[in-house]
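Pasted below: run-v4.cif, mmCIF, C-alpha atoms and all ligand atoms.
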```
data_final
#
loop_
_atom_site.label_atom_id
_atom_site.label_comp_id
_atom_site.auth_asym_id
_atom_site.auth_seq_id
_atom_site.Cartn_x
_atom_site.Cartn_y
_atom_site.Cartn_z
CA MET A 1 138.68 193.11 -287.88
CA PHE A 2 139.99 190.12 -285.89
CA ASN A 3 143.71 189.50 -285.49
CA PHE A 4 145.05 187.02 -288.01
CA ALA A 5 148.14 185.32 -289.45
CA PHE A 6 148.10 184.87 -293.20
CA TYR A 7 150.60 182.47 -294.72
CA ASN A 8 150.24 180.85 -298.12
CA PRO A 9 153.46 179.42 -299.55
CA THR A 10 151.99 177.65 -302.62
CA LYS A 11 153.54 178.87 -305.87
CA ILE A 12 150.81 179.19 -308.49
CA LEU A 13 151.81 178.42 -312.08
CA PHE A 14 148.84 179.74 -314.01
CA GLY A 15 148.01 179.57 -317.69
CA LYS A 16 148.35 177.76 -321.00
CA GLY A 17 151.19 175.28 -321.30
CA GLN A 18 152.28 175.69 -317.69
CA ILE A 19 152.59 171.94 -317.11
CA ALA A 20 155.92 172.12 -318.95
CA SER A 21 157.32 174.42 -316.26
CA ILE A 22 157.10 171.61 -313.69
CA SER A 23 160.53 170.54 -314.94
CA LYS A 24 162.02 173.71 -313.43
CA GLU A 25 160.37 173.08 -310.06
CA ILE A 26 161.52 169.49 -309.48
CA PRO A 27 165.17 168.48 -309.17
CA ALA A 28 166.41 166.09 -311.88
CA SER A 29 167.39 163.55 -309.21
CA ALA A 30 163.93 163.45 -307.60
CA LYS A 31 161.89 160.27 -307.26
CA VAL A 32 158.32 161.34 -307.98
CA LEU A 33 155.07 159.49 -307.29
CA ILE A 34 152.27 160.80 -309.47
CA THR A 35 148.76 160.18 -308.16
CA TYR A 36 145.58 160.35 -310.21
CA GLY A 37 141.94 159.33 -310.36
CA GLY A 38 139.80 157.15 -312.58
CA GLY A 39 141.46 157.94 -315.90
CA SER A 40 140.36 161.40 -317.10
CA ILE A 41 144.03 162.44 -317.35
CA HIS A 42 144.63 159.65 -319.87
CA LYS A 43 141.82 160.94 -322.11
CA ASN A 44 142.58 164.67 -322.13
CA GLY A 45 146.32 164.61 -322.76
CA VAL A 46 147.28 165.82 -319.28
CA TYR A 47 149.11 162.57 -318.44
CA GLU A 48 151.36 162.87 -321.52
CA GLN A 49 152.16 166.51 -320.73
CA VAL A 50 153.09 165.62 -317.15
CA MET A 51 155.26 162.66 -318.18
CA GLN A 52 157.04 164.80 -320.74
CA ALA A 53 157.74 167.48 -318.15
CA LEU A 54 159.10 164.85 -315.74
CA GLU A 55 161.45 163.30 -318.30
CA GLY A 56 164.69 162.11 -316.77
CA ARG A 57 163.27 161.66 -313.25
CA THR A 58 162.31 158.37 -311.66
CA VAL A 59 158.51 158.38 -311.87
CA LEU A 60 156.14 155.99 -310.11
CA GLU A 61 152.37 156.02 -310.53
CA PHE A 62 149.35 155.43 -308.33
CA GLY A 63 145.96 155.69 -310.07
CA GLY A 64 142.40 154.88 -309.08
CA ILE A 65 141.80 157.52 -306.39
CA GLU A 66 138.02 157.86 -306.43
CA PRO A 67 135.81 160.96 -306.03
CA ASN A 68 135.49 161.47 -302.25
CA PRO A 69 138.82 159.68 -301.80
CA GLU A 70 138.67 156.44 -299.87
CA TYR A 71 140.96 155.76 -296.93
CA ASP A 72 141.56 152.11 -297.89
CA THR A 73 142.64 153.11 -301.41
CA LEU A 74 144.92 155.85 -300.12
CA MET A 75 146.62 153.47 -297.70
CA GLY A 76 147.77 151.48 -300.75
CA ALA A 77 149.65 154.57 -301.93
CA VAL A 78 151.03 155.15 -298.43
CA GLU A 79 152.61 151.68 -298.52
CA LEU A 80 154.05 152.32 -301.98
CA ALA A 81 155.49 155.71 -301.02
CA ARG A 82 157.03 154.29 -297.84
CA ARG A 83 158.56 151.33 -299.68
CA GLU A 84 159.96 153.43 -302.51
CA LYS A 85 161.01 156.39 -300.33
CA VAL A 86 159.66 158.95 -302.78
CA ASP A 87 160.82 162.57 -302.68
CA LEU A 88 157.68 164.24 -304.03
CA LEU A 89 154.01 163.40 -304.50
CA LEU A 90 152.50 165.01 -307.60
CA ALA A 91 148.69 164.94 -307.62
CA VAL A 92 147.21 165.19 -311.13
CA GLY A 93 143.43 165.61 -311.22
CA GLY A 94 140.58 167.14 -309.23
CA GLY A 95 140.13 167.97 -305.56
CA SER A 96 139.66 164.33 -304.59
CA VAL A 97 143.02 163.26 -306.02
CA LEU A 98 144.68 166.24 -304.38
CA ASP A 99 142.98 165.76 -301.00
CA GLY A 100 143.86 162.07 -301.11
CA THR A 101 147.45 162.99 -301.88
CA LYS A 102 147.61 165.41 -298.95
CA PHE A 103 146.48 162.54 -296.72
CA ILE A 104 149.10 160.20 -298.24
CA ALA A 105 151.76 162.88 -297.66
CA ALA A 106 150.81 163.22 -294.00
CA ALA A 107 150.36 159.48 -293.42
CA VAL A 108 153.72 158.33 -294.81
CA PRO A 109 155.85 159.68 -291.92
CA PHE A 110 153.04 159.30 -289.34
CA ALA A 111 154.05 156.92 -286.56
CA GLY A 112 150.61 155.72 -285.41
CA GLU A 113 147.36 154.72 -287.17
CA PRO A 114 146.84 157.42 -289.86
CA TRP A 115 143.04 157.32 -289.49
CA ASP A 116 143.60 159.06 -286.13
CA ILE A 117 144.61 162.17 -288.08
CA LEU A 118 140.98 162.39 -289.20
CA THR A 119 139.05 161.02 -286.23
CA LYS A 120 141.16 162.24 -283.32
CA GLY A 121 142.83 165.28 -284.85
CA ALA A 122 146.23 163.63 -284.24
CA ALA A 123 149.03 166.15 -284.87
CA VAL A 124 150.69 166.08 -288.29
CA ASP A 125 154.31 167.02 -287.59
CA SER A 126 155.65 166.48 -291.10
CA ALA A 127 154.61 165.38 -294.58
CA VAL A 128 156.21 164.23 -297.80
CA PRO A 129 156.49 167.31 -300.06
CA LEU A 130 153.57 167.49 -302.49
CA ALA A 131 152.52 169.50 -305.52
CA CYS A 132 149.66 169.36 -308.01
CA VAL A 133 148.35 169.79 -311.51
CA LEU A 134 144.73 170.68 -310.85
CA THR A 135 142.21 169.79 -313.57
CA LEU A 136 138.97 170.75 -311.80
CA PRO A 137 138.32 174.25 -310.40
CA ALA A 138 136.19 173.94 -307.25
CA THR A 139 137.73 173.06 -303.93
CA GLY A 140 140.62 175.53 -303.58
CA SER A 141 142.62 172.53 -302.34
CA GLU A 142 145.43 173.55 -304.72
CA SER A 143 146.59 176.27 -302.33
CA ASN A 144 145.18 175.40 -298.93
CA THR A 145 146.01 173.03 -296.08
CA PHE A 146 142.77 171.03 -296.05
CA ALA A 147 141.82 167.55 -297.18
CA VAL A 148 138.63 165.52 -296.85
CA VAL A 149 138.82 161.73 -296.73
CA SER A 150 136.04 159.14 -296.65
CA ARG A 151 135.88 155.71 -295.09
CA ARG A 152 132.86 154.02 -296.57
CA SER A 153 132.98 150.99 -294.25
CA ALA A 154 132.50 153.37 -291.29
CA GLY A 155 130.08 155.70 -293.13
CA GLN A 156 132.43 158.63 -292.42
CA LYS A 157 133.73 161.62 -294.36
CA LEU A 158 136.14 163.72 -292.31
CA ALA A 159 138.48 166.67 -292.83
CA PHE A 160 141.92 167.58 -291.56
CA GLY A 161 144.31 170.41 -292.22
CA SER A 162 148.03 170.84 -291.75
CA VAL A 163 150.47 173.55 -292.70
CA HIS A 164 152.73 170.73 -293.96
CA CYS A 165 150.13 169.93 -296.63
CA TYR A 166 150.31 173.14 -298.63
CA PRO A 167 151.25 172.11 -302.17
CA LYS A 168 154.77 173.37 -303.01
CA PHE A 169 153.41 174.46 -306.36
CA ALA A 170 150.10 174.20 -308.20
CA VAL A 171 149.77 174.19 -311.97
CA LEU A 172 146.48 175.76 -313.05
CA ASP A 173 146.16 175.48 -316.82
CA PRO A 174 142.53 176.33 -317.68
CA GLU A 175 142.84 174.27 -320.89
CA THR A 176 143.15 171.08 -318.82
CA THR A 177 139.59 171.72 -317.60
CA PHE A 178 138.00 171.90 -321.08
CA SER A 179 137.29 168.15 -320.93
CA LEU A 180 135.22 168.40 -317.75
CA PRO A 181 131.62 167.17 -317.93
CA GLN A 182 129.08 170.01 -317.50
CA ARG A 183 127.99 168.53 -314.19
CA GLN A 184 131.49 168.94 -312.71
CA VAL A 185 131.79 172.53 -313.98
CA ALA A 186 128.42 173.41 -312.41
CA ASN A 187 129.43 171.67 -309.18
CA GLY A 188 132.68 173.63 -309.14
CA ILE A 189 130.92 176.99 -309.54
CA VAL A 190 128.59 176.23 -306.63
CA ASP A 191 131.38 174.85 -304.42
CA ALA A 192 133.46 178.02 -304.90
CA PHE A 193 130.37 180.19 -304.34
CA VAL A 194 129.56 178.43 -301.06
CA HIS A 195 133.20 178.59 -299.89
CA THR A 196 132.95 182.35 -300.28
CA LEU A 197 129.63 182.47 -298.43
CA GLU A 198 130.98 180.38 -295.54
CA GLN A 199 133.57 183.14 -294.92
CA TYR A 200 131.26 186.08 -295.65
CA MET A 201 127.72 185.37 -294.43
CA THR A 202 128.35 185.76 -290.71
CA PHE A 203 128.39 189.10 -288.87
CA PRO A 204 130.22 192.34 -289.72
CA VAL A 205 133.60 193.04 -288.10
CA HIS A 206 134.50 196.15 -290.13
CA ALA A 207 136.56 194.03 -292.52
CA GLU A 208 135.60 196.16 -295.51
CA LEU A 209 138.33 194.88 -297.83
CA ASN A 210 137.54 191.22 -297.10
CA ASP A 211 133.85 191.91 -297.71
CA ARG A 212 134.65 193.50 -301.06
CA PHE A 213 136.97 190.61 -302.02
CA ALA A 214 134.21 188.13 -301.20
CA GLU A 215 131.55 190.13 -303.04
CA ALA A 216 133.86 190.35 -306.08
CA ILE A 217 134.24 186.56 -306.15
CA LEU A 218 130.48 186.03 -305.76
CA GLN A 219 129.65 188.54 -308.52
CA THR A 220 132.30 187.08 -310.82
CA LEU A 221 130.91 183.56 -310.35
CA ILE A 222 127.38 184.81 -311.02
CA GLU A 223 128.51 186.54 -314.20
CA VAL A 224 131.07 184.09 -315.55
CA GLY A 225 129.68 180.79 -314.21
CA PRO A 226 126.80 180.38 -316.67
CA LYS A 227 128.97 181.62 -319.54
CA THR A 228 131.80 179.16 -318.93
CA LEU A 229 129.24 176.38 -318.65
CA ALA A 230 127.81 177.36 -322.06
CA GLU A 231 131.22 177.92 -323.70
CA PRO A 232 133.52 175.33 -322.12
CA GLU A 233 136.45 176.07 -324.44
CA ASN A 234 136.41 179.86 -324.12
CA TYR A 235 139.82 180.29 -322.49
CA ASP A 236 139.27 183.68 -320.86
CA LEU A 237 135.98 182.71 -319.26
CA ARG A 238 137.44 179.47 -317.94
CA ALA A 239 140.60 181.19 -316.69
CA THR A 240 138.47 183.64 -314.69
CA PHE A 241 136.50 180.77 -313.16
CA VAL A 242 139.64 178.79 -312.28
CA TRP A 243 141.21 181.80 -310.54
CA SER A 244 137.95 182.60 -308.71
CA ALA A 245 137.80 179.08 -307.27
CA THR A 246 141.39 179.31 -306.04
CA MET A 247 140.87 182.74 -304.46
CA ALA A 248 137.69 181.56 -302.73
CA LEU A 249 139.58 179.18 -300.44
CA ASN A 250 143.27 180.06 -300.25
CA GLY A 251 142.93 181.75 -296.86
CA LEU A 252 142.85 185.35 -298.07
CA ILE A 253 139.16 186.24 -297.80
CA GLY A 254 138.81 184.34 -294.52
CA SER A 255 141.63 186.26 -292.79
CA GLY A 256 140.40 188.41 -289.90
CA VAL A 257 136.71 187.54 -290.25
CA PRO A 258 134.33 185.10 -288.54
CA GLN A 259 133.61 181.92 -290.50
CA ASP A 260 130.63 179.57 -290.53
CA TRP A 261 131.35 176.18 -292.28
CA ALA A 262 128.21 174.49 -290.89
CA THR A 263 126.88 173.95 -294.43
CA HIS A 264 130.05 172.01 -295.24
CA MET A 265 129.88 169.92 -292.07
CA ILE A 266 126.27 168.99 -292.82
CA GLY A 267 127.06 168.42 -296.50
CA HIS A 268 129.87 166.00 -295.73
CA GLU A 269 127.43 163.85 -293.74
CA LEU A 270 124.99 163.83 -296.67
CA THR A 271 127.77 162.64 -298.99
CA ALA A 272 128.83 159.99 -296.47
CA LEU A 273 125.24 158.72 -296.20
CA TYR A 274 124.07 158.90 -299.81
CA GLY A 275 127.09 159.58 -302.04
CA ILE A 276 125.58 162.88 -303.26
CA ASP A 277 128.24 165.06 -304.98
CA HIS A 278 129.87 167.51 -302.54
CA ALA A 279 128.62 170.73 -304.19
CA ARG A 280 125.13 169.27 -304.61
CA THR A 281 124.85 168.73 -300.88
CA LEU A 282 125.81 172.37 -300.28
CA ALA A 283 123.08 173.64 -302.64
CA THR A 284 120.43 171.77 -300.63
CA VAL A 285 121.65 173.11 -297.28
CA VAL A 286 122.90 176.69 -297.53
CA PRO A 287 119.64 178.50 -298.47
CA HIS A 288 117.75 176.81 -295.65
CA LEU A 289 120.56 177.43 -293.17
CA PHE A 290 120.41 181.14 -294.04
CA ARG A 291 116.66 181.18 -293.38
CA VAL A 292 116.98 179.44 -290.03
CA GLN A 293 119.97 181.58 -288.99
CA ALA A 294 118.63 184.82 -290.49
CA ASP A 295 118.58 186.74 -287.20
CA GLY A 296 122.30 186.30 -286.54
CA LYS A 297 123.23 186.85 -290.18
CA ARG A 298 120.81 189.73 -290.88
CA GLU A 299 123.33 192.54 -291.44
CA LYS A 300 125.41 190.49 -293.87
CA LEU A 301 122.32 189.09 -295.61
CA LEU A 302 121.16 192.68 -296.24
CA GLN A 303 124.61 193.67 -297.50
CA PHE A 304 124.68 190.59 -299.77
CA ALA A 305 121.21 191.45 -301.07
CA GLU A 306 122.21 194.98 -301.97
CA ARG A 307 125.79 194.61 -303.15
CA VAL A 308 125.66 191.22 -304.86
CA TRP A 309 122.07 190.99 -306.11
CA GLY A 310 121.17 194.71 -306.35
CA ILE A 311 118.10 194.29 -304.13
CA ARG A 312 117.21 197.67 -302.62
CA THR A 313 113.47 197.65 -301.99
CA GLY A 314 111.23 195.96 -299.45
CA THR A 315 111.41 195.42 -295.71
CA ASP A 316 114.53 193.88 -294.15
CA ASP A 317 112.86 190.46 -294.07
CA GLU A 318 111.75 190.76 -297.69
CA ARG A 319 115.23 191.73 -298.89
CA CYS A 320 116.86 188.85 -296.98
CA GLU A 321 114.39 186.36 -298.44
CA ALA A 322 114.78 187.83 -301.95
CA ALA A 323 118.58 187.38 -301.76
CA ILE A 324 118.18 183.76 -300.62
CA ARG A 325 115.70 183.12 -303.47
CA LYS A 326 118.13 184.66 -305.99
CA THR A 327 120.85 182.35 -304.70
CA GLU A 328 118.56 179.33 -305.07
CA GLU A 329 117.63 180.39 -308.59
CA PHE A 330 121.32 180.74 -309.45
CA PHE A 331 122.11 177.20 -308.23
CA GLU A 332 119.04 175.79 -309.99
CA SER A 333 119.96 177.57 -313.26
CA LEU A 334 123.25 175.63 -313.12
CA GLY A 335 121.33 172.37 -312.65
CA LEU A 336 121.82 171.91 -308.90
CA PRO A 337 118.63 171.18 -306.94
CA THR A 338 118.15 173.25 -303.78
CA ARG A 339 115.91 170.77 -301.96
CA LEU A 340 116.84 167.42 -300.52
CA SER A 341 113.41 166.13 -301.54
CA GLN A 342 114.73 166.14 -305.12
CA TYR A 343 117.02 163.22 -304.16
CA PRO A 344 114.96 160.01 -303.94
CA GLU A 345 117.51 158.35 -301.64
CA VAL A 346 116.84 160.98 -298.94
CA LYS A 347 114.19 159.87 -296.43
CA PRO A 348 111.98 161.69 -293.89
CA GLU A 349 114.33 160.48 -291.15
CA THR A 350 117.41 162.00 -292.84
CA PRO A 351 117.45 165.28 -290.82
CA ALA A 352 117.53 163.37 -287.50
CA LEU A 353 120.11 160.93 -288.85
CA VAL A 354 122.50 163.70 -289.98
CA ALA A 355 122.08 165.51 -286.67
CA LYS A 356 122.92 162.30 -284.80
CA LYS A 357 126.00 161.62 -286.94
CA LEU A 358 127.33 165.13 -286.34
CA GLU A 359 126.67 164.71 -282.64
CA SER A 360 128.60 161.45 -282.54
CA ASN A 361 131.56 163.27 -284.17
CA GLY A 362 131.37 165.92 -281.47
CA ALA A 363 130.10 168.58 -283.90
CA VAL A 364 127.42 170.01 -281.62
CA LYS A 365 128.17 173.75 -281.76
CA LEU A 366 128.56 174.81 -285.35
CA GLY A 367 128.53 178.16 -287.12
CA GLU A 368 130.19 181.52 -286.48
CA ARG A 369 128.35 181.86 -283.15
CA GLN A 370 128.49 178.15 -282.33
CA ASP A 371 124.75 178.18 -281.98
CA ILE A 372 123.96 175.53 -284.60
CA THR A 373 123.15 172.52 -282.46
CA PRO A 374 121.98 169.08 -283.63
CA LYS A 375 118.42 170.40 -283.17
CA THR A 376 119.16 173.35 -285.49
CA VAL A 377 120.64 170.96 -288.06
CA GLU A 378 117.42 168.96 -287.97
CA GLU A 379 115.39 172.11 -288.54
CA ILE A 380 117.57 173.23 -291.46
CA LEU A 381 117.34 169.87 -293.20
CA SER A 382 113.61 169.49 -292.50
CA ARG A 383 113.04 172.76 -294.38
CA SER A 384 114.96 171.29 -297.33
CA LEU A 385 112.75 168.19 -297.56
O1 LIG B 401 138.85 160.47 -311.41
P1 LIG B 401 138.96 161.11 -312.74
O2 LIG B 401 138.93 160.14 -313.86
O3 LIG B 401 140.11 162.08 -312.83
O4 LIG B 401 137.59 161.96 -312.97
C1 LIG B 401 137.18 163.03 -312.12
C2 LIG B 401 136.03 162.67 -311.20
O5 LIG B 401 135.25 161.64 -311.74
C3 LIG B 401 136.59 164.09 -313.01
N1 LIG B 401 137.57 165.04 -313.56
C4 LIG B 401 138.47 165.80 -312.91
N2 LIG B 401 139.14 166.57 -313.77
C5 LIG B 401 138.65 166.30 -315.02
C6 LIG B 401 137.67 165.30 -314.89
N3 LIG B 401 136.99 164.80 -315.95
C7 LIG B 401 137.31 165.31 -317.16
N4 LIG B 401 138.22 166.30 -317.35
C8 LIG B 401 138.90 166.81 -316.31
N5 LIG B 401 139.77 167.81 -316.50
O6 LIG B 401 135.70 164.82 -312.16
C9 LIG B 401 135.15 163.91 -311.21
C10 LIG B 401 135.08 164.58 -309.85
O7 LIG B 401 136.37 164.88 -309.36
P2 LIG B 401 136.62 165.28 -307.84
O8 LIG B 401 138.10 165.45 -307.68
O9 LIG B 401 135.93 164.35 -306.93
O10 LIG B 401 135.86 166.69 -307.71
P3 LIG B 401 136.19 167.97 -306.86
O11 LIG B 401 137.39 168.68 -307.36
O12 LIG B 401 134.92 168.71 -306.81
O13 LIG B 401 136.58 167.41 -305.42
C11 LIG B 401 135.60 167.02 -304.49
C12 LIG B 401 136.25 166.57 -303.19
O14 LIG B 401 136.93 167.67 -302.56
C13 LIG B 401 136.45 167.83 -301.21
C14 LIG B 401 135.05 167.32 -301.30
O15 LIG B 401 134.49 167.02 -300.04
C15 LIG B 401 135.21 166.10 -302.18
O16 LIG B 401 135.68 165.02 -301.43
N6 LIG B 401 136.66 169.21 -300.75
C16 LIG B 401 137.90 169.61 -300.48
C17 LIG B 401 138.21 170.86 -299.98
C18 LIG B 401 139.58 171.28 -299.67
N7 LIG B 401 140.55 170.40 -299.78
O17 LIG B 401 139.81 172.43 -299.30
C19 LIG B 401 137.14 171.83 -299.70
C20 LIG B 401 135.83 171.48 -300.32
O18 LIG B 401 134.83 172.11 -299.58
C21 LIG B 401 135.52 170.03 -300.40
O19 LIG B 401 135.01 169.55 -299.16
ZN ZN B 402 133.28 172.77 -300.62
#
```
For the structure just supplied, provide its representation as structure tokens.
Ligand code: NZQ
Ligand code: ZN
Amino acid sequence: MFNFAFYNPTKILFGKGQIASISKEIPASAKVLITYGGGSIHKNGVYEQVMQALEGRTVLEFGGIEPNPEYDTLMGAVELARREKVDLLLAVGGGSVLDGTKFIAAAVPFAGEPWDILTKGAAVDSAVPLACVLTLPATGSESNTFAVVSRRSAGQKLAFGSVHCYPKFAVLDPETTFSLPQRQVANGIVDAFVHTLEQYMTFPVHAELNDRFAEAILQTLIEVGPKTLAEPENYDLRATFVWSATMALNGLIGSGVPQDWATHMIGHELTALYGIDHARTLATVVPHLFRVQADGKREKLLQFAERVWGIRTGTDDERCEAAIRKTEEFFESLGLPTRLSQYPEVKPETPALVAKKLESNGAVKLGERQDITPKTVEEILSRSL
């Protein structure tokens, strides 16, 4: 196992009715800016619950944060938060609202041009305290340091991470997710599945416990994912899914092991170019990346085949391919295509275009062995066409 430091300070408030407990977490004198998206929280009763819990505090609002949060929109909230000198940002919604709020939190005290945080990796030395009520299980953003922000005018979608951006607390009430459209639930299952794979499908480092944690999350998503899609208001199924998505990207399973993340880097470019949902990009990349990178990933692919999919017969190559096929079938059963050719907006020149965009961002050595070059990216995406 590699050396590691594991630190996750986010307090998780999990379960039915937990929005009410926000009142115990926020001082009565606090000035709070709540941030939200396009209006789902007004339709499912979450807004009322939050406002009730915040009673007595000074509460400001900033709505309209879009999926794949937009830099220009977020800068509007930065101005508001600076002007009003808010004490806490409370993100209420999905990963986009939360990611956007992490960026706002970092940008408010930032002395220079905040876009540099994303393009130049400018250091984030402080942030406005933030917390969240998460209504969409998928990203793990509720208890990690990362955020992904888009700038459509520049055709860019970029990530940053800062220890100052851990939410102080995260409310995870599975009932707030009952109103999700099926498409978002399916996307969330696949996003959490691929987060786990990015930290698992590399090479073995004798991290047996991490491997078992990751395999448990993958098996749970395979078992519970289709059921929670079919029975959206079954509390226990949904609670298991919500917790799986958090555990997939809160730093635990990635501690002490090599990580890949090339699928995500490629996926972000596909969203920047065509607006394809985040998880949908991942489903069109990861199976093909595994095929192209099969030599370096062979031992873990064989372990995945046996422990997660129960595949025990055939040659090594056959078992690896069978596990990749099973993964594709799982994604497709949830309604996510596994080939880019199923998106009419994608063109024959897309693989070269994505490779060039990654290159211009300096992302030329991706993957756990840093052997995924722009040429490899082209090959992976060509196989998906
Ligand atoms: O905007 P509203 O009206 O709230 O509607 C949203 C949005 O249209 C809706 N929604 C959310 N909760 C709902 C609901 N509708 C009904 N009932 C509810 N309870 O769902 C739509 C999609 O929301 P969004 O926040 O965009 O989805 P998700 O949580 O999947 O977030 C995706 C973003 O997170 C980034 C992605 O790149 C993408 O930008 N990621 C962030 C990561 C992180 N911070 O660690 C890691 C991920 O790999 C990912 O890259
Ligand atoms: Zn993701």
Within 6 Å of ligand ZN 402 (chain B), which residues of chain A show up? Give each one with its shortest atom-to-atom distance in Å (one decimal) and the two atoms involved, counting all atoms listed in the file, rows by chain then rising residue number, as a tab-separated table.
```
residue	atom	partner	partner_atom	distance
A:Thr139	CA	B:ZN402	ZN	5.6
A:Asp191	CA	B:ZN402	ZN	4.7
A:His195	CA	B:ZN402	ZN	5.9
```
If you keep C-alpha atoms, can you produce a file of those selected residues as a compact mmCIF listing (two decimals), in the frame of the given file?
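Saved result, selection_22.txt, follows:
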```
# COMPACT_ATOMS: atom_id res chain seq x y z
CA THR A 139 137.73 173.06 -303.93
CA ASP A 191 131.38 174.85 -304.42
CA HIS A 195 133.20 178.59 -299.89
```
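In this model, the gap between CA of Trp309 (chain A) and atom C20 of ligand LIG 401 (chain B) comes to 24.6 Å.
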Q.
Between CA of Lys85 (chain A) and CA of Thr58 (chain A), what is the distance in Å, rounded to a tenth?
A.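 These two atoms are separated by 11.6 Å.
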Q.
as a PyMOL selection string, please: the residues near Val292 (chain A) (cut-off 10 Å, all atoms listed in the file, same-chain neighbours under 6 positions excluded).
A. chain A and resi 286+372+376-377+379-380+383
C-alpha atoms of the current selection, written as a short mmCIF file (atom, residue, chain, number, x, y, z; two decimals), in the frame of the given file:
```cif
data_model
loop_
_atom_site.label_atom_id
_atom_site.label_comp_id
_atom_site.auth_asym_id
_atom_site.auth_seq_id
_atom_site.Cartn_x
_atom_site.Cartn_y
_atom_site.Cartn_z
CA VAL A 286 122.90 176.69 -297.53
CA ILE A 372 123.96 175.53 -284.60
CA THR A 376 119.16 173.35 -285.49
CA VAL A 377 120.64 170.96 -288.06
CA GLU A 379 115.39 172.11 -288.54
CA ILE A 380 117.57 173.23 -291.46
CA ARG A 383 113.04 172.76 -294.38
#
```
**Q.** Spatial neighbours of Arg152 (chain A), 12 Å, all atoms listed in the file, chain gap at least 6 places, as a VMD selection string
**A.** chain A and resid 66 68 to 73 158 269 271 to 275
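Shortest separation to ligand LIG 401 (chain B) among A:Ala107, A:Ala192, A:Leu60, A:Ile26 occurs at residue A:Ala192, atoms counted being all atoms listed in the file.
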Would you give the centre and edge lengths, in Å to one decimal, of a box along x, y and z around the listed atoms of ligand LIG 401 (chain B), with 8 Å added to each side, as JSON?
```
{"center_x": 137.5, "center_y": 166.3, "center_z": -308.3, "size_x": 22.1, "size_y": 28.3, "size_z": 34.2}
```
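Closest approach to Thr176 (chain A) among A:Leu336, A:Ala355, A:Ala363, A:Leu136 is made by A:Leu136 (distances from all atoms listed in the file).
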Q | CA of Glu113 (chain A) to CA of Arg83 (chain A), distance in Å rounded to a single decimal | A |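 Spanning CA of Glu113 (chain A) to CA of Arg83 (chain A) is a straight-line distance of 17.1 Å.
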(Q) Residues proximal to (147.0, 156.9, -310.1) were defined as those with any atom within 6 Å of that point in the file's coordinates, counting all atoms listed in the file. Which are they, as a list in words? (A)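 Within the cut-off we find Thr35, Tyr36, Gly37, Glu61, Phe62, Gly63 and Gly64 of chain A.
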(Q) My list of candidates is A:Leu98, A:Met247, A:Val59, A:Leu302. Which is closest to ligand LIG 401 (chain B) when distances are computed with only C-alpha atoms and all ligand atoms? (A)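 The closest residue to ligand LIG 401 (chain B) is A:Leu98.
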Q: Pick out the residues sitting within 9 Å of Arg280 (chain A), and hand them over as a PyMOL selection string; count all atoms listed in the file, and ignore anything fewer than 2 positions along from it in its own chain.
A: chain A and resi 187+190-191+267+276-278+282-285+336-338
Q.
At a cut-off of 7 Å, using all atoms listed in the file, what residues contact Ser23 (chain A)? Leave out same-chain residues fewer than 3 positions from it and give the result as a list in words.
A. Ala20, Ile26, Ala53 and Leu54 of chain A
Q.
Applying 8 Å and only C-alpha atoms, which residues near Gly254 (chain A) remain after dropping the ones on its own chain fewer than 4 positions away? List them as a PyMOL selection string.
A. chain A and resi 199-200+210+249+258-259
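Nearest to Leu252 (chain A) of all the residues A:Tyr7, A:Ala105, A:Val46, A:Ala81 is A:Tyr7, based on all atoms listed in the file.
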